[in-house]
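Enquirer: See entry.pdb below, with PDB, C-alpha atoms.
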ATOM      1  CA  MET A   1      80.587  -8.568  13.470
ATOM      2  CA  SER A   2      81.193 -11.442  11.217
ATOM      3  CA  LYS A   3      78.410 -13.754  10.196
ATOM      4  CA  THR A   4      78.321 -17.130   8.617
ATOM      5  CA  SER A   5      75.752 -19.764   7.737
ATOM      6  CA  ARG A   6      75.303 -23.293   6.527
ATOM      7  CA  THR A   7      76.563 -24.104   3.060
ATOM      8  CA  SER A   8      76.465 -27.262   1.043
ATOM      9  CA  ILE A   9      78.440 -28.548  -1.919
ATOM     10  CA  SER A  10      77.427 -31.413  -4.100
ATOM     11  CA  MET A  11      79.915 -32.775  -6.587
ATOM     12  CA  PRO A  12      81.432 -36.138  -7.477
ATOM     13  CA  THR A  13      84.170 -37.453  -5.146
ATOM     14  CA  THR A  14      85.956 -39.320  -7.907
ATOM     15  CA  ALA A  15      86.444 -38.496 -11.560
ATOM     16  CA  LYS A  16      88.420 -39.511 -14.615
ATOM     17  CA  LYS A  17      91.272 -37.184 -15.521
ATOM     18  CA  ASP A  18      90.209 -34.296 -17.781
ATOM     19  CA  SER A  19      86.524 -35.090 -17.471
ATOM     20  CA  ILE A  20      84.048 -32.290 -16.831
ATOM     21  CA  ILE A  21      82.411 -32.356 -13.408
ATOM     22  CA  GLU A  22      79.322 -30.485 -12.290
ATOM     23  CA  ILE A  23      79.394 -28.628  -8.982
ATOM     24  CA  ARG A  24      76.310 -27.411  -7.117
ATOM     25  CA  ALA A  25      76.964 -24.880  -4.386
ATOM     26  CA  ILE A  26      74.260 -23.566  -2.090
ATOM     27  CA  ALA A  27      74.420 -21.207   0.895
ATOM     28  CA  GLN A  28      71.734 -20.536   3.459
ATOM     29  CA  HIS A  29      71.050 -16.817   3.160
ATOM     30  CA  ASP A  30      67.995 -14.530   2.969
ATOM     31  CA  MET A  31      69.520 -12.355   0.222
ATOM     32  CA  GLU A  32      67.555  -9.320   1.453
ATOM     33  CA  SER A  33      67.304  -7.240  -1.709
ATOM     34  CA  GLY A  34      67.200  -3.754  -0.188
ATOM     35  CA  PHE A  35      64.041  -2.970  -2.166
ATOM     36  CA  ARG A  36      61.491  -4.210   0.359
ATOM     37  CA  TYR A  37      59.638  -2.216   3.012
ATOM     38  CA  THR A  38      58.285  -3.206   6.407
ATOM     39  CA  GLU A  39      54.590  -2.684   7.137
ATOM     40  CA  SER A  40      55.463   0.613   8.833
ATOM     41  CA  GLY A  41      57.065   1.797   5.593
ATOM     42  CA  LYS A  42      60.693   1.480   6.627
ATOM     43  CA  LEU A  43      63.145   0.314   3.969
ATOM     44  CA  ILE A  44      64.848  -2.970   4.888
ATOM     45  CA  PRO A  45      68.590  -2.519   4.289
ATOM     46  CA  ARG A  46      70.304  -4.685   1.708
ATOM     47  CA  ASP A  47      71.995  -7.811   3.053
ATOM     48  CA  ILE A  48      73.216 -10.131   0.317
ATOM     49  CA  ILE A  49      76.082 -12.421  -0.598
ATOM     50  CA  ARG A  50      78.161 -10.431  -3.073
ATOM     51  CA  THR A  51      80.779 -12.844  -4.346
ATOM     52  CA  PHE A  52      81.347 -16.553  -4.662
ATOM     53  CA  THR A  53      84.689 -18.060  -5.604
ATOM     54  CA  CYS A  54      85.908 -21.580  -6.199
ATOM     55  CA  THR A  55      89.582 -22.518  -6.059
ATOM     56  CA  TYR A  56      90.992 -25.845  -7.202
ATOM     57  CA  ASN A  57      94.231 -26.645  -5.330
ATOM     58  CA  ASN A  58      94.564 -22.895  -4.662
ATOM     59  CA  VAL A  59      94.009 -21.888  -8.295
ATOM     60  CA  GLU A  60      90.873 -19.839  -8.914
ATOM     61  CA  VAL A  61      88.685 -21.623 -11.469
ATOM     62  CA  PHE A  62      85.342 -19.905 -11.005
ATOM     63  CA  LYS A  63      84.052 -16.616  -9.658
ATOM     64  CA  ALA A  64      80.603 -15.063  -9.545
ATOM     65  CA  ASP A  65      79.273 -11.649  -8.526
ATOM     66  CA  PHE A  66      75.764 -11.699  -7.088
ATOM     67  CA  TYR A  67      73.349  -8.758  -6.991
ATOM     68  CA  SER A  68      69.921  -8.291  -5.419
ATOM     69  CA  GLY A  69      68.339 -10.218  -8.268
ATOM     70  CA  ILE A  70      69.593 -13.559  -6.942
ATOM     71  CA  GLY A  71      66.962 -15.454  -4.978
ATOM     72  CA  ALA A  72      67.167 -16.473  -1.318
ATOM     73  CA  ASN A  73      69.508 -19.370  -0.492
ATOM     74  CA  PRO A  74      71.608 -18.788  -3.598
ATOM     75  CA  LEU A  75      72.279 -21.917  -5.596
ATOM     76  CA  ILE A  76      74.800 -21.918  -8.388
ATOM     77  CA  ILE A  77      75.571 -24.839 -10.661
ATOM     78  CA  PHE A  78      78.728 -24.704 -12.758
ATOM     79  CA  THR A  79      81.322 -27.030 -14.250
ATOM     80  CA  THR A  80      85.041 -27.499 -14.050
ATOM     81  CA  VAL A  81      87.611 -29.873 -15.531
ATOM     82  CA  ALA A  82      88.961 -32.493 -13.112
ATOM     83  CA  VAL A  83      92.688 -32.019 -13.698
ATOM     84  CA  GLU A  84      94.203 -33.564 -10.560
ATOM     85  CA  SER A  85      93.326 -34.962  -7.140
ATOM     86  CA  GLY A  86      93.041 -32.393  -4.426
ATOM     87  CA  THR A  87      90.811 -29.958  -2.615
ATOM     88  CA  LEU A  88      88.278 -27.494  -3.928
ATOM     89  CA  GLU A  89      87.587 -24.563  -1.677
ATOM     90  CA  PHE A  90      84.428 -22.483  -1.936
ATOM     91  CA  THR A  91      84.106 -19.017  -0.420
ATOM     92  CA  TRP A  92      81.020 -16.838  -0.102
ATOM     93  CA  ILE A  93      81.488 -13.197   0.933
ATOM     94  CA  GLY A  94      78.626 -10.821   1.630
ATOM     95  CA  ASP A  95      77.328  -7.672   3.326
ATOM     96  CA  ASP A  96      77.716  -7.067   7.053
ATOM     97  CA  GLY A  97      80.928  -9.115   7.259
ATOM     98  CA  TYR A  98      79.364 -12.330   6.015
ATOM     99  CA  GLU A  99      81.815 -15.066   5.142
ATOM    100  CA  ALA A 100      81.398 -18.806   4.653
ATOM    101  CA  ILE A 101      83.961 -21.350   3.519
ATOM    102  CA  ASN A 102      83.396 -24.935   2.451
ATOM    103  CA  GLN A 103      85.722 -27.583   1.075
ATOM    104  CA  ALA A 104      85.371 -30.740  -0.946
ATOM    105  CA  ARG A 105      87.934 -33.354  -1.898
ATOM    106  CA  ILE A 106      88.190 -35.060  -5.245
ATOM    107  CA  THR A 107      90.216 -38.079  -6.349
ATOM    108  CA  VAL A 108      91.150 -37.992 -10.016
ATOM    109  CA  SER A 109      92.304 -41.177 -11.712
TER     110      SER A 109
ATOM    111  CA  MET B   1      21.249  15.804 -32.843
ATOM    112  CA  ASN B   2      18.852  13.697 -30.875
ATOM    113  CA  LYS B   3      18.912  13.046 -27.176
ATOM    114  CA  GLU B   4      20.160   9.503 -27.592
ATOM    115  CA  THR B   5      23.434  10.485 -29.297
ATOM    116  CA  GLN B   6      24.020  13.195 -26.738
ATOM    117  CA  GLN B   7      23.679  10.685 -23.963
ATOM    118  CA  ARG B   8      26.046   8.350 -25.715
ATOM    119  CA  ARG B   9      28.623  11.101 -26.087
ATOM    120  CA  HIS B  10      28.375  11.936 -22.439
ATOM    121  CA  TRP B  11      28.855   8.303 -21.572
ATOM    122  CA  LEU B  12      31.885   8.012 -23.853
ATOM    123  CA  LYS B  13      33.472  11.047 -22.175
ATOM    124  CA  GLN B  14      33.033   9.445 -18.790
ATOM    125  CA  ILE B  15      34.572   6.218 -19.995
ATOM    126  CA  ARG B  16      37.537   8.144 -21.387
ATOM    127  CA  GLY B  17      38.039   9.762 -18.001
ATOM    128  CA  LEU B  18      38.036   6.380 -16.329
ATOM    129  CA  GLY B  19      40.551   5.127 -18.862
ATOM    130  CA  LEU B  20      42.946   7.976 -18.112
ATOM    131  CA  LEU B  21      42.601   7.354 -14.404
ATOM    132  CA  ALA B  22      43.398   3.676 -14.887
ATOM    133  CA  LEU B  23      46.442   4.576 -16.981
ATOM    134  CA  GLY B  24      47.709   6.841 -14.227
ATOM    135  CA  LEU B  25      47.297   4.083 -11.650
ATOM    136  CA  CYS B  26      49.202   1.650 -13.822
ATOM    137  CA  ALA B  27      52.051   4.013 -14.529
ATOM    138  CA  SER B  28      52.819   5.119 -10.988
ATOM    139  CA  PRO B  29      53.954   1.829  -9.423
ATOM    140  CA  LEU B  30      55.727   0.869 -12.652
ATOM    141  CA  SER B  31      58.002   3.872 -12.424
ATOM    142  CA  VAL B  32      59.671   2.224  -9.403
ATOM    143  CA  PHE B  33      61.083  -0.517 -11.603
ATOM    144  CA  ALA B  34      63.994  -0.139 -13.956
ATOM    145  CA  LYS B  35      62.985   0.901 -17.438
ATOM    146  CA  LYS B  36      64.379  -0.649 -20.548
ATOM    147  CA  THR B  37      66.781   2.280 -20.759
ATOM    148  CA  ASP B  38      68.317   1.295 -17.406
ATOM    149  CA  ALA B  39      68.923  -2.203 -18.727
ATOM    150  CA  ASP B  40      70.399  -0.756 -21.922
ATOM    151  CA  GLU B  41      72.669   1.401 -19.797
ATOM    152  CA  ALA B  42      73.763  -1.626 -17.782
ATOM    153  CA  ILE B  43      74.470  -3.516 -21.013
ATOM    154  CA  GLN B  44      76.405  -0.523 -22.376
ATOM    155  CA  LYS B  45      78.504  -0.508 -19.209
ATOM    156  CA  ILE B  46      79.276  -4.215 -19.584
ATOM    157  CA  THR B  47      80.246  -4.010 -23.234
ATOM    158  CA  GLY B  48      81.927  -0.615 -22.950
ATOM    159  CA  GLY B  49      80.008   0.639 -25.970
ATOM    160  CA  ALA B  50      80.870  -2.340 -28.156
ATOM    161  CA  VAL B  51      78.031  -4.001 -30.052
ATOM    162  CA  ALA B  52      76.888  -7.350 -28.697
ATOM    163  CA  LYS B  53      75.924  -9.646 -31.560
ATOM    164  CA  GLU B  54      72.897 -11.886 -31.294
ATOM    165  CA  GLY B  55      73.660 -15.578 -31.016
ATOM    166  CA  LYS B  56      75.810 -18.174 -29.268
ATOM    167  CA  VAL B  57      74.116 -17.421 -25.945
ATOM    168  CA  ILE B  58      71.103 -19.491 -24.919
ATOM    169  CA  LEU B  59      69.146 -18.274 -21.926
ATOM    170  CA  THR B  60      66.456 -20.557 -20.540
ATOM    171  CA  ILE B  61      63.763 -19.410 -18.130
ATOM    172  CA  PRO B  62      60.233 -20.738 -17.814
ATOM    173  CA  PRO B  63      57.899 -18.784 -20.157
ATOM    174  CA  LEU B  64      55.307 -18.524 -17.392
ATOM    175  CA  VAL B  65      56.367 -17.928 -13.798
ATOM    176  CA  GLU B  66      53.908 -18.121 -10.916
ATOM    177  CA  ASN B  67      56.238 -16.712  -8.284
ATOM    178  CA  GLY B  68      58.950 -14.267  -9.277
ATOM    179  CA  ASN B  69      60.892 -14.869  -6.067
ATOM    180  CA  LEU B  70      62.580 -18.031  -7.248
ATOM    181  CA  VAL B  71      62.954 -18.549 -10.977
ATOM    182  CA  VAL B  72      65.344 -21.163 -12.296
ATOM    183  CA  LEU B  73      67.555 -19.535 -14.894
ATOM    184  CA  LYS B  74      69.956 -21.449 -17.096
ATOM    185  CA  VAL B  75      72.463 -19.837 -19.395
ATOM    186  CA  SER B  76      74.748 -21.667 -21.779
ATOM    187  CA  VAL B  77      77.192 -20.301 -24.309
ATOM    188  CA  ASP B  78      78.306 -22.193 -27.373
ATOM    189  CA  SER B  79      82.086 -22.326 -27.010
ATOM    190  CA  PRO B  80      84.758 -25.053 -27.163
ATOM    191  CA  MET B  81      86.300 -23.632 -23.926
ATOM    192  CA  THR B  82      89.882 -24.200 -25.034
ATOM    193  CA  ALA B  83      92.854 -22.019 -24.114
ATOM    194  CA  ASN B  84      92.499 -20.109 -27.414
ATOM    195  CA  ASP B  85      88.732 -19.823 -27.510
ATOM    196  CA  TYR B  86      86.734 -19.536 -24.338
ATOM    197  CA  VAL B  87      84.068 -17.480 -22.601
ATOM    198  CA  LYS B  88      85.548 -14.955 -20.179
ATOM    199  CA  SER B  89      82.391 -13.764 -18.484
ATOM    200  CA  ILE B  90      78.614 -13.976 -18.632
ATOM    201  CA  HIS B  91      76.390 -11.148 -17.401
ATOM    202  CA  VAL B  92      72.653 -11.500 -16.835
ATOM    203  CA  VAL B  93      70.510  -8.352 -16.976
ATOM    204  CA  ALA B  94      66.761  -8.071 -16.373
ATOM    205  CA  GLU B  95      64.875  -5.180 -17.965
ATOM    206  CA  GLY B  96      62.118  -5.027 -15.400
ATOM    207  CA  ASN B  97      64.008  -5.364 -12.112
ATOM    208  CA  PRO B  98      64.725  -2.398  -9.796
ATOM    209  CA  LEU B  99      68.417  -3.230 -10.255
ATOM    210  CA  PRO B 100      68.903  -4.627 -13.763
ATOM    211  CA  ASN B 101      72.107  -6.566 -12.990
ATOM    212  CA  ILE B 102      71.365 -10.050 -11.627
ATOM    213  CA  PHE B 103      74.718 -11.784 -11.677
ATOM    214  CA  THR B 104      78.056 -12.031 -13.421
ATOM    215  CA  VAL B 105      80.201 -15.136 -13.674
ATOM    216  CA  TYR B 106      83.856 -15.308 -14.656
ATOM    217  CA  LEU B 107      85.010 -18.445 -16.446
ATOM    218  CA  THR B 108      88.342 -19.866 -17.545
ATOM    219  CA  PRO B 109      89.321 -22.642 -19.980
ATOM    220  CA  ARG B 110      89.314 -24.861 -16.881
ATOM    221  CA  SER B 111      85.549 -24.456 -16.631
ATOM    222  CA  GLY B 112      85.134 -27.071 -19.360
ATOM    223  CA  THR B 113      81.715 -25.794 -20.400
ATOM    224  CA  ALA B 114      79.950 -22.458 -20.222
ATOM    225  CA  ASN B 115      76.769 -23.685 -18.553
ATOM    226  CA  ILE B 116      75.478 -21.909 -15.459
ATOM    227  CA  THR B 117      72.275 -22.543 -13.548
ATOM    228  CA  THR B 118      71.001 -20.401 -10.702
ATOM    229  CA  ARG B 119      67.790 -19.080  -9.173
ATOM    230  CA  VAL B 120      66.842 -15.452  -9.675
ATOM    231  CA  ARG B 121      64.180 -12.933  -8.721
ATOM    232  CA  LEU B 122      62.025 -11.302 -11.364
ATOM    233  CA  ALA B 123      59.992  -8.237 -10.468
ATOM    234  CA  ASP B 124      57.766  -8.207 -13.518
ATOM    235  CA  SER B 125      56.920  -9.828 -16.823
ATOM    236  CA  GLN B 126      59.907  -8.906 -18.909
ATOM    237  CA  THR B 127      62.777  -9.802 -21.188
ATOM    238  CA  VAL B 128      65.969 -11.064 -19.570
ATOM    239  CA  TRP B 129      69.297 -10.674 -21.377
ATOM    240  CA  ALA B 130      72.528 -12.624 -21.098
ATOM    241  CA  ILE B 131      75.707 -11.082 -22.456
ATOM    242  CA  ALA B 132      78.831 -13.190 -22.903
ATOM    243  CA  GLN B 133      82.320 -11.845 -23.402
ATOM    244  CA  MET B 134      84.735 -14.092 -25.300
ATOM    245  CA  ASN B 135      88.485 -14.138 -24.699
ATOM    246  CA  ASN B 136      88.987 -12.272 -28.008
ATOM    247  CA  GLY B 137      86.913  -9.379 -26.662
ATOM    248  CA  SER B 138      83.765  -9.929 -28.716
ATOM    249  CA  PHE B 139      80.345  -9.804 -27.095
ATOM    250  CA  TRP B 140      77.387 -12.059 -27.787
ATOM    251  CA  LYS B 141      73.911 -11.838 -26.387
ATOM    252  CA  GLY B 142      70.788 -13.905 -25.993
ATOM    253  CA  SER B 143      67.436 -13.224 -24.390
ATOM    254  CA  ALA B 144      64.311 -14.863 -23.049
ATOM    255  CA  GLU B 145      60.865 -13.469 -22.364
ATOM    256  CA  THR B 146      58.756 -14.449 -19.404
ATOM    257  CA  LEU B 147      55.383 -13.756 -17.860
ATOM    258  CA  VAL B 148      55.410 -13.295 -14.082
ATOM    259  CA  THR B 149      52.112 -13.599 -12.214
ATOM    260  CA  LEU B 150      53.369 -12.880  -8.675
ATOM    261  CA  SER B 151      56.159 -10.338  -8.626
ATOM    262  CA  ALA B 152      59.218 -10.436  -6.375
ATOM    263  CA  CYS B 153      60.180  -7.496  -4.096
ATOM    264  CA  THR B 154      56.747  -5.920  -3.799
ATOM    265  CA  GLU B 155      55.493  -7.906  -0.808
ATOM    266  CA  LEU B 156      55.597  -6.453   2.700
ATOM    267  CA  VAL B 157      57.218  -8.117   5.669
TER     268      VAL B 157
END
Could you show the structure in this file as structure tokens?
Expert:
Amino acid sequence: MSKTSRTSISMPTTAKKDSIIEIRAIAQHDMESGFRYTESGKLIPRDIIRTFTCTYNNVEVFKADFYSGIGANPLIIFTTVAVESGTLEFTWIGDDGYEAINQARITVS
Amino acid sequence: MNKETQQRRHWLKQIRGLGLLALGLCASPLSVFAKKTDADEAIQKITGGAVAKEGKVILTIPPLVENGNLVVLKVSVDSPMTANDYVKSIHVVAEGNPLPNIFTVYLTPRSGTANITTRVRLADSQTVWAIAQMNNGSFWKGSAETLVTLSACTELV
């Protein structure tokens, strides 16, 4: 069964060519660590987002591997160089068939 | 030997017993968390046995954390990020977490800078390490110490 959730990207919509832009990507996710127990002593299985990738006009520019140590609703802030106008696509992939995709457009002058 | 000293000795013995008991209590829940050796092992795995030199990597976490569930962690590596000289990857490892690895990011010259901010969980007061691999294969590391008052992952649901 595939799951998804709300994600949000915040980055500039316009930029000067070759300037560095900051991208903030957040996904709504519990990031259940797999180290917690219920009150009855049962281990709660791990359920996390494992990878995050960012492609810029279909070229991968950023990738991250997440482990249990990442907090709930993972936020990641990173930078990239605005080389050309186009679309940035963000993909989150996690346990239990989780997948979320978000896109953002940028105009580079 | 007078009675007073004898009493004092008896009292000291009792105190020692209490001390040992307290030590035992402290040690048992701690054994659940990764020891420094686990973190060292994780670092060894990342570097493949190569030595990571101190420097270039700046890891910023608050020195005092009230809630270990959401700690803002910032890592930046001093690098021009050009095609000939850039940071390939950054790994963040926590000594005191049940799983030392927290995250890994892979960068390219198109990243522009090697600055990453995210929010992590910290299980205990500990030292957190960041290891950066440059495109020439060298490793650099930086660390930050923090005091955690409320630990992550111990609470019940």
Enquirer: Specify as a short mmCIF file (atom, residue, chain, number, x, y, z; two decimals) with C-alpha atoms, in the coordinates of the input each residue included when the PyMOL selection byres ((chain A and resi 6) around 10) is applied to this file.
Expert:
data_model
loop_
_atom_site.label_atom_id
_atom_site.label_comp_id
_atom_site.auth_asym_id
_atom_site.auth_seq_id
_atom_site.Cartn_x
_atom_site.Cartn_y
_atom_site.Cartn_z
CA THR A 4 78.32 -17.13 8.62
CA SER A 5 75.75 -19.76 7.74
CA THR A 7 76.56 -24.10 3.06
CA SER A 8 76.46 -27.26 1.04
CA ILE A 26 74.26 -23.57 -2.09
CA ALA A 27 74.42 -21.21 0.90
CA GLN A 28 71.73 -20.54 3.46
CA HIS A 29 71.05 -16.82 3.16
CA ASN A 73 69.51 -19.37 -0.49
CA ALA A 100 81.40 -18.81 4.65
CA ILE A 101 83.96 -21.35 3.52
CA ASN A 102 83.40 -24.94 2.45
#
Enquirer: For the file shown, what are the residues hit by the PyMOL selection byres ((chain B) within 10 of (chain A)), laid out as a ChimeraX atom specification?
Expert: /B:32,68-72,74,89-94,97-123,152-157
Enquirer: For the file shown, report as a ChimeraX atom specification the outcome of the PyMOL selection byres ((chain A and resi 105) around 12) at residue level.
Expert: /A:9-15,55-57,82,84-90,102-104,106-108
Enquirer: Quick one: distance from atom CA of Asp95 of chain A to atom CA of Ala42 of chain B in Å, one decimal?
Expert: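 Between these atoms lies a distance of 22.2 Å.
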Enquirer: Between atom CA of Asn58 of chain A and atom CA of Gly94 of chain A, what is the distance, to one decimal in Å?
Expert: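 If I compute the distance from atom CA of Asn58 of chain A to atom CA of Gly94 of chain A, I get 21.0 Å.
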Enquirer: Skip segment 141-149 of chain B itself and residues of its chain fewer than 5 positions away, then list as a list of chain:residue names all residues within 6 Å of it, counting only C-alpha atoms.
Expert: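 Once the adjacent positions are removed, what remains is B:Ala52, B:Lys53, B:Glu54, B:Gly55, B:Val57, B:Ile58, B:Leu59, B:Pro63, B:Leu64, B:Val65, B:Glu66, B:Asp124, B:Ser125, B:Gln126, B:Thr127, B:Val128, B:Trp129, B:Ala130, B:Ile131.
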Enquirer: How far is it from atom CA of Ser76 of chain B to atom CA of Ser109 of chain A, in Å with one decimal?
Expert: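 Separating atom CA of Ser76 of chain B from atom CA of Ser109 of chain A is a distance of 28.1 Å.
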